[in-house]
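Asks: This is the structure I want to talk about, given as structure tokens.
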Amino acid sequence: MDTFIKQFGHLSNVRQNAECCLTSMADTSERVTVRIPQDLLEKLKAIQEASGTATISDTIRQGLERFVEVNLPPPNIRKVVVDLSRQDNTQLEEFVREGASVSVDDAVRSAVREYIRQRLDTAAPGVPRGRRDSEPAVADGAPPP
């Protein structure tokens, strides 16, 4: 037991549903108690089971991190949440596995950029558009200066 404490003493021992688990917590973390309706708890438990998170607290923590990420993105980014059919999501995941994209998020960003380019070209063909910071500079057959 002493070896266990020496090796894992920095982890907090959390008891959840009569099972003991270890959750890595920063020294500055704070406990927050929240009451939620039973139906919401059941949904969170289903998410926990589907995602394989160790505890319901970990599931809630991930959800809070995602909520903050969506609602407080960096100033140059606006987060958009899109609901996709299972079929579309499966196809995107397959593209990623095949190496066509580095992530589902990247594939969606690329698809949106291409859609916008096509719409702009249709609306005003031949009109030059400014390059965005995230796009590489393209020279018309000449090397860059």
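By convention here, the chains of the structure tokens are called A, B, ... in the order presented, each chain's residues are numbered starting at 1, and ligands are numbered starting at 1 in the order presented.
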Could you please write out, as a PyMOL selection string, every residue of region 57-136 of chain A that DSSP assigns to alpha helix (DSSP H)?

Replies: chain A and resi 57-71+86-97+104-123

Asks: Please produce an output containing C-alpha atoms for each residue in the selection, written as a PDB file, in the first residue's frame.

Replies:
ATOM      1  CA  SER A  57     -17.787  13.743 -12.895  1.00  0.00           C
ATOM      2  CA  ASP A  58     -15.365  13.212 -15.792  1.00  0.00           C
ATOM      3  CA  THR A  59     -18.302  13.207 -18.206  1.00  0.00           C
ATOM      4  CA  ILE A  60     -19.669  16.438 -16.746  1.00  0.00           C
ATOM      5  CA  ARG A  61     -16.185  18.003 -16.768  1.00  0.00           C
ATOM      6  CA  GLN A  62     -15.788  17.156 -20.481  1.00  0.00           C
ATOM      7  CA  GLY A  63     -19.197  18.660 -21.185  1.00  0.00           C
ATOM      8  CA  LEU A  64     -18.298  21.840 -19.318  1.00  0.00           C
ATOM      9  CA  GLU A  65     -14.986  22.104 -21.173  1.00  0.00           C
ATOM     10  CA  ARG A  66     -16.833  21.754 -24.498  1.00  0.00           C
ATOM     11  CA  PHE A  67     -19.414  24.346 -23.400  1.00  0.00           C
ATOM     12  CA  VAL A  68     -16.665  26.839 -22.533  1.00  0.00           C
ATOM     13  CA  GLU A  69     -14.812  26.056 -25.780  1.00  0.00           C
ATOM     14  CA  VAL A  70     -17.939  26.770 -27.849  1.00  0.00           C
ATOM     15  CA  ASN A  71     -18.976  29.867 -25.903  1.00  0.00           C
ATOM     16  CA  ARG A  86     -25.180   9.288 -38.571  1.00  0.00           C
ATOM     17  CA  GLN A  87     -24.534   8.437 -42.220  1.00  0.00           C
ATOM     18  CA  ASP A  88     -22.780  11.748 -42.927  1.00  0.00           C
ATOM     19  CA  ASN A  89     -20.771  11.468 -39.716  1.00  0.00           C
ATOM     20  CA  THR A  90     -19.756   7.901 -40.568  1.00  0.00           C
ATOM     21  CA  GLN A  91     -18.627   9.004 -44.036  1.00  0.00           C
ATOM     22  CA  LEU A  92     -16.577  11.850 -42.549  1.00  0.00           C
ATOM     23  CA  GLU A  93     -14.938   9.457 -40.083  1.00  0.00           C
ATOM     24  CA  GLU A  94     -14.121   7.131 -42.983  1.00  0.00           C
ATOM     25  CA  PHE A  95     -12.468  10.019 -44.879  1.00  0.00           C
ATOM     26  CA  VAL A  96     -10.315  10.658 -41.819  1.00  0.00           C
ATOM     27  CA  ARG A  97      -9.352   6.958 -41.517  1.00  0.00           C
ATOM     28  CA  VAL A 104     -13.652  15.339 -38.760  1.00  0.00           C
ATOM     29  CA  ASP A 105     -13.431  19.012 -37.734  1.00  0.00           C
ATOM     30  CA  ASP A 106     -10.821  19.618 -40.436  1.00  0.00           C
ATOM     31  CA  ALA A 107     -12.962  17.855 -43.059  1.00  0.00           C
ATOM     32  CA  VAL A 108     -15.975  19.998 -42.148  1.00  0.00           C
ATOM     33  CA  ARG A 109     -13.877  23.198 -42.262  1.00  0.00           C
ATOM     34  CA  SER A 110     -12.550  22.221 -45.696  1.00  0.00           C
ATOM     35  CA  ALA A 111     -16.053  21.445 -46.966  1.00  0.00           C
ATOM     36  CA  VAL A 112     -17.369  24.794 -45.718  1.00  0.00           C
ATOM     37  CA  ARG A 113     -14.466  26.707 -47.315  1.00  0.00           C
ATOM     38  CA  GLU A 114     -15.047  24.922 -50.633  1.00  0.00           C
ATOM     39  CA  TYR A 115     -18.798  25.607 -50.447  1.00  0.00           C
ATOM     40  CA  ILE A 116     -18.151  29.317 -49.805  1.00  0.00           C
ATOM     41  CA  ARG A 117     -15.645  29.492 -52.687  1.00  0.00           C
ATOM     42  CA  GLN A 118     -18.151  27.881 -55.066  1.00  0.00           C
ATOM     43  CA  ARG A 119     -20.951  30.215 -53.979  1.00  0.00           C
ATOM     44  CA  LEU A 120     -18.733  33.278 -54.382  1.00  0.00           C
ATOM     45  CA  ASP A 121     -17.563  32.094 -57.812  1.00  0.00           C
ATOM     46  CA  THR A 122     -21.174  31.542 -58.878  1.00  0.00           C
ATOM     47  CA  ALA A 123     -22.309  34.926 -57.543  1.00  0.00           C
TER      48      ALA A 123
END

Asks: So how many Å separate CA of Ile36 (chain A) and CA of Asp83 (chain A), to one decimal?

Replies: 24.8 Å

Asks: With only C-alpha atoms as the counted atoms, please give the residues lying no more than 9 Å from Ile56 (chain A), apart from itself and same-chain residues fewer than 5 positions off, as a PyMOL selection string.

Replies: chain A and resi 16+41+44-45+47-48+61

Asks: Let me see the file: selected residues, C-alpha atoms, as an mmCIF file, in the first residue's frame.

Replies:
data_model
loop_
_atom_site.group_PDB
_atom_site.id
_atom_site.type_symbol
_atom_site.label_atom_id
_atom_site.label_comp_id
_atom_site.auth_asym_id
_atom_site.auth_seq_id
_atom_site.Cartn_x
_atom_site.Cartn_y
_atom_site.Cartn_z
ATOM 1 C CA GLN A 16 -18.369 6.795 -7.250
ATOM 2 C CA LEU A 41 -28.580 12.605 -14.999
ATOM 3 C CA LEU A 44 -25.280 12.012 -18.713
ATOM 4 C CA LYS A 45 -24.916 8.394 -17.599
ATOM 5 C CA ILE A 47 -23.030 9.620 -22.473
ATOM 6 C CA GLN A 48 -20.594 8.320 -19.855
ATOM 7 C CA ARG A 61 -16.185 18.003 -16.768
#
